Structure formats: structure tokens, C-alpha cells
Amino acid sequence: MAKFDKPPKDLGGSHIRLYATIHNSFAWLVLSPTAKALWVDLRTQIGATKNGTATTALGILSHRGWTSRHTVDRARSELISLGFIAMTRQGEIFRGVKSCNLYRFTDLDTYEQPKVNLQAKKADNLFLKFESKSMAIEKTRELKSMRQDKQKQALDKKRKGPFLHAISEDSALIPSFISAISAPKESRLVQI
């Protein structure tokens, strides 16, 4: 019988694991298919010891077929709110050099990585905090409501335009023929 000095290489190459604790969690059950696909693509970015260095930069994810920044952002925010990933480094622009946000998986330990300024952290399994499917559904509804509020605010801001100002009828900015036509003396929006 032959002895092996090291274990044989996996002929299929590298792989990722979807543990049963994740797959059977209530948070995973309510996760959208897009967020599940992003989870898989982020998981392929980390090796055995590089948890905490996954990024959602479109330049990296475009090689995996992602084309929309909006879709990536929505899936990422869903993964964060349901506790599957957490941010390890906030991106910044420092001396003209951009750095992207980095994320860790909450079900894996994070090892110290001085090169990207990451501290070691034990796995905290944030996705297991949901004790029922209804709790996880409620969290996704909150997220959707927040997203709709942001869209509504952006649309309202876009409708008003950059040059609209509230002025009153007795203002010196309004010519006399406009004030003579309009009877009520209340404030209104006028484009300048």
C-alpha cells in the first residue's frame, strides 16, 4: 500500500461550501435569488484564509457576469441586513488612490491580515439571530421600505430641479404683470 506525503489534489479544483447551518437558516429561506448568487460569487473571492477581503466592486464582479451596479447594491444590502456578510473596511479615496469596501462572511473566522489592515475575529453567525421565517421576512420588508423611501426622495428632488425657489407674491423678483394676473398672495415655486 502506497503512502501519501500530502493529500491528493482535488481534480475539480477549488470549491466553496454551503454549510447546512446556512442553508437551513430562516434568513437563507427569504434571501432573493440575486442575493444568493452574489453570496456565491463573493465566497469564491476568498480562499481558506482570506475571509474579510471579499469586495462588491463592479470591476471584479463584472468578470462573473454582473453588469448592473444597482443590482449588486441591492443584493449586497440584503446580505448585510440578513447577517450573511459584514463590512470589514470602508472604502476611501486617499491621496488620489481609491480603495474599495471589503466584506467578511459571518459564518467563518477572519484571520489577521496586516496588508489590508484587518484584525482577527471569530465567526459570529449573525444570520442565525432570526428565530423564525416571519422575523426574516419582516427584515426584508424593512429593507424594501427604506429603499422605496430613498427612491421617492430622489424622485422628489429630481422633480423640483436645481433652479426652483419658493418665493412670495410680494417679492421684488416677480414682475408686476405676473402678480397682477395671479390673485392669491401665497408662496409658490417659480423657476428662475
# chains A, B, ... in the order shown; residues from 1 in each chain; ligands from 1

$ residues_around --residues "Leu42 in chain A" --least-positions-apart "6" --cutoff "9 Å" --atoms "only C-alpha atoms" --output "compact mmCIF listing (two decimals) with all heavy atoms, in the first residue's frame"
# COMPACT_ATOMS: atom_id res chain seq x y z
N ALA A 54 -13.45 40.05 0.65
CA ALA A 54 -14.40 39.99 -0.47
C ALA A 54 -14.86 41.41 -0.79
O ALA A 54 -15.08 42.22 0.10
CB ALA A 54 -15.59 39.12 -0.10
N THR A 55 -15.02 41.70 -2.07
CA THR A 55 -15.43 43.03 -2.50
C THR A 55 -16.58 42.95 -3.49
O THR A 55 -16.69 41.97 -4.24
CB THR A 55 -14.26 43.82 -3.13
OG1 THR A 55 -14.72 45.10 -3.50
CG2 THR A 55 -13.68 43.11 -4.33
N THR A 56 -17.42 43.97 -3.48
CA THR A 56 -18.51 44.04 -4.43
C THR A 56 -18.22 45.06 -5.53
O THR A 56 -19.13 45.53 -6.20
CB THR A 56 -19.84 44.42 -3.73
OG1 THR A 56 -19.66 45.67 -3.08
CG2 THR A 56 -20.27 43.36 -2.75
N LEU A 61 -16.61 42.02 -10.07
CA LEU A 61 -17.79 41.18 -10.30
C LEU A 61 -18.19 41.12 -11.77
O LEU A 61 -18.92 40.20 -12.16
CB LEU A 61 -18.96 41.68 -9.46
CG LEU A 61 -18.81 41.49 -7.95
CD1 LEU A 61 -20.00 42.10 -7.23
CD2 LEU A 61 -18.69 40.03 -7.60
N TYR A 103 -15.62 43.03 2.70
CA TYR A 103 -16.64 42.34 3.49
C TYR A 103 -16.13 40.99 3.97
O TYR A 103 -15.27 40.39 3.35
CB TYR A 103 -17.92 42.14 2.66
CG TYR A 103 -18.50 43.43 2.17
CD1 TYR A 103 -18.15 43.95 0.93
CD2 TYR A 103 -19.37 44.15 2.96
CE1 TYR A 103 -18.67 45.15 0.49
CE2 TYR A 103 -19.89 45.36 2.54
CZ TYR A 103 -19.54 45.84 1.29
OH TYR A 103 -20.05 47.03 0.87
N PHE A 105 -17.51 37.10 5.69
CA PHE A 105 -18.64 36.20 5.91
C PHE A 105 -18.74 35.95 7.41
O PHE A 105 -17.75 35.64 8.06
CB PHE A 105 -18.44 34.89 5.15
CG PHE A 105 -18.62 35.06 3.68
CD1 PHE A 105 -17.54 35.34 2.86
CD2 PHE A 105 -19.88 34.98 3.11
CE1 PHE A 105 -17.70 35.51 1.50
CE2 PHE A 105 -20.06 35.16 1.75
CZ PHE A 105 -18.97 35.43 0.94

$ residues_around --residues "Ser62 in chain A" --least-positions-apart "6" --cutoff "12 Å" --atoms "only C-alpha atoms" --output "VMD selection string"
chain A and resid 38 41 55 to 56 68 to 69 72

$ write_last_selection --atoms "N, CA, C and O atoms" --output "mmCIF file, in the first residue's frame"
data_model
loop_
_atom_site.group_PDB
_atom_site.id
_atom_site.type_symbol
_atom_site.label_atom_id
_atom_site.label_comp_id
_atom_site.auth_asym_id
_atom_site.auth_seq_id
_atom_site.Cartn_x
_atom_site.Cartn_y
_atom_site.Cartn_z
ATOM 1 N N LEU A 38 -24.963 36.455 -5.514
ATOM 2 C CA LEU A 38 -23.873 37.316 -5.059
ATOM 3 C C LEU A 38 -23.107 36.653 -3.923
ATOM 4 O O LEU A 38 -21.878 36.745 -3.862
ATOM 5 N N ASP A 41 -20.703 34.267 -5.494
ATOM 6 C CA ASP A 41 -19.593 34.957 -6.169
ATOM 7 C C ASP A 41 -18.627 35.600 -5.175
ATOM 8 O O ASP A 41 -17.423 35.625 -5.405
ATOM 9 N N THR A 55 -15.017 41.700 -2.070
ATOM 10 C CA THR A 55 -15.427 43.028 -2.499
ATOM 11 C C THR A 55 -16.577 42.947 -3.489
ATOM 12 O O THR A 55 -16.688 41.966 -4.237
ATOM 13 N N THR A 56 -17.421 43.972 -3.477
ATOM 14 C CA THR A 56 -18.513 44.043 -4.434
ATOM 15 C C THR A 56 -18.220 45.055 -5.534
ATOM 16 O O THR A 56 -19.135 45.530 -6.197
ATOM 17 N N SER A 68 -24.950 45.322 -13.591
ATOM 18 C CA SER A 68 -25.677 46.452 -13.022
ATOM 19 C C SER A 68 -25.215 46.757 -11.605
ATOM 20 O O SER A 68 -25.282 45.900 -10.716
ATOM 21 N N ARG A 69 -24.770 47.975 -11.399
ATOM 22 C CA ARG A 69 -24.357 48.420 -10.065
ATOM 23 C C ARG A 69 -25.545 48.401 -9.097
ATOM 24 O O ARG A 69 -25.410 48.050 -7.935
ATOM 25 N N VAL A 72 -26.236 44.827 -7.857
ATOM 26 C CA VAL A 72 -25.211 44.422 -6.890
ATOM 27 C C VAL A 72 -25.456 45.101 -5.539
ATOM 28 O O VAL A 72 -25.397 44.457 -4.488
#

$ closest_residue --among "A:Glu131, A:Arg159, A:Pro33, A:Glu112" --to "Arg74 in chain A" --atoms "only C-alpha atoms"
A:Pro33

$ residues_around --residues "range 85-93 of chain A" --least-positions-apart "2" --cutoff "9 Å" --atoms "only C-alpha atoms" --output "PyMOL selection string"
chain A and resi 39+52-53+76+79-83+95-107+116-119+126-127

$ atom_distance --atom1 "CA of Arg43 in chain A" --atom2 "CA of Ile16 in chain A"
6.7 Å

$ select_by_dssp --residues "range 18-177 of chain A" --states "alpha helix (DSSP H)" --output "PyMOL selection string"
chain A and resi 20-23+26-30+33-45+58-61+69-81+133-160+176-177

$ atom_distance --atom1 "CA of Val30 in chain A" --atom2 "CA of Leu58 in chain A"
24.8 Å

$ closest_residue --among "A:His63, A:His23, A:Lys160, A:Arg17" --to "Gly47 in chain A" --atoms "only C-alpha atoms"
A:Arg17

$ atom_distance --atom1 "CA of Lys121 in chain A" --atom2 "CA of Gln45 in chain A"
18.6 Å

$ select_by_dssp --residues "range 20-168 of chain A" --states "strand (DSSP E)" --output "PyMOL selection string"
chain A and resi 85-89+92-94+97-99+102-105+164-167

$ decode --residues "range 4-66 of chain A" --atoms "C-alpha atoms" --output "compact mmCIF listing (two decimals), in the first residue's frame"
# COMPACT_ATOMS: atom_id res chain seq x y z
CA PHE A 4 0.96 9.74 0.59
CA ASP A 5 3.20 12.52 1.81
CA LYS A 6 0.47 15.06 1.19
CA PRO A 7 -3.19 14.62 0.45
CA PRO A 8 -4.04 14.20 -3.24
CA LYS A 9 -5.10 17.34 -5.05
CA ASP A 10 -8.74 17.78 -5.82
CA LEU A 11 -9.08 17.24 -9.56
CA GLY A 12 -12.11 19.52 -9.68
CA GLY A 13 -10.09 22.48 -8.41
CA SER A 14 -11.16 24.91 -5.72
CA HIS A 15 -14.67 24.79 -4.33
CA ILE A 16 -16.95 26.62 -1.91
CA ARG A 17 -19.10 25.12 0.80
CA LEU A 18 -22.68 25.93 1.60
CA TYR A 19 -23.00 24.56 5.10
CA ALA A 20 -26.31 23.12 6.29
CA THR A 21 -26.47 25.72 9.09
CA ILE A 22 -26.62 28.42 6.41
CA HIS A 23 -28.88 26.55 4.02
CA ASN A 24 -31.40 25.64 6.72
CA SER A 25 -31.46 29.08 8.35
CA PHE A 26 -34.58 31.23 8.14
CA ALA A 27 -32.55 34.07 6.68
CA TRP A 28 -31.42 31.91 3.74
CA LEU A 29 -35.03 30.90 3.04
CA VAL A 30 -36.12 34.50 2.42
CA LEU A 31 -32.96 35.56 0.59
CA SER A 32 -33.61 36.56 -3.04
CA PRO A 33 -32.02 34.51 -5.85
CA THR A 34 -29.89 37.52 -6.81
CA ALA A 35 -28.52 37.81 -3.27
CA LYS A 36 -27.79 34.06 -3.21
CA ALA A 37 -25.87 34.40 -6.49
CA LEU A 38 -23.87 37.32 -5.06
CA TRP A 39 -23.15 35.25 -1.93
CA VAL A 40 -21.68 32.50 -4.12
CA ASP A 41 -19.59 34.96 -6.17
CA LEU A 42 -18.27 36.66 -3.03
CA ARG A 43 -17.48 33.29 -1.47
CA THR A 44 -15.32 32.37 -4.47
CA GLN A 45 -13.20 35.51 -3.88
CA ILE A 46 -11.96 34.32 -0.51
CA GLY A 47 -9.69 31.35 -0.11
CA ALA A 48 -9.21 29.30 3.02
CA THR A 49 -7.66 32.18 4.97
CA LYS A 50 -8.77 35.39 3.23
CA ASN A 51 -12.18 35.96 4.82
CA GLY A 52 -12.67 39.70 5.13
CA THR A 53 -11.31 40.60 1.70
CA ALA A 54 -14.40 39.99 -0.47
CA THR A 55 -15.43 43.03 -2.50
CA THR A 56 -18.51 44.04 -4.43
CA ALA A 57 -16.59 46.31 -6.80
CA LEU A 58 -18.18 46.05 -10.22
CA GLY A 59 -14.75 45.81 -11.84
CA ILE A 60 -14.23 42.49 -10.03
CA LEU A 61 -17.79 41.18 -10.30
CA SER A 62 -18.11 42.02 -14.00
CA HIS A 63 -15.88 39.02 -14.74
CA ARG A 64 -18.55 36.86 -13.10
CA GLY A 65 -21.35 38.29 -15.27
CA TRP A 66 -22.62 41.17 -13.10
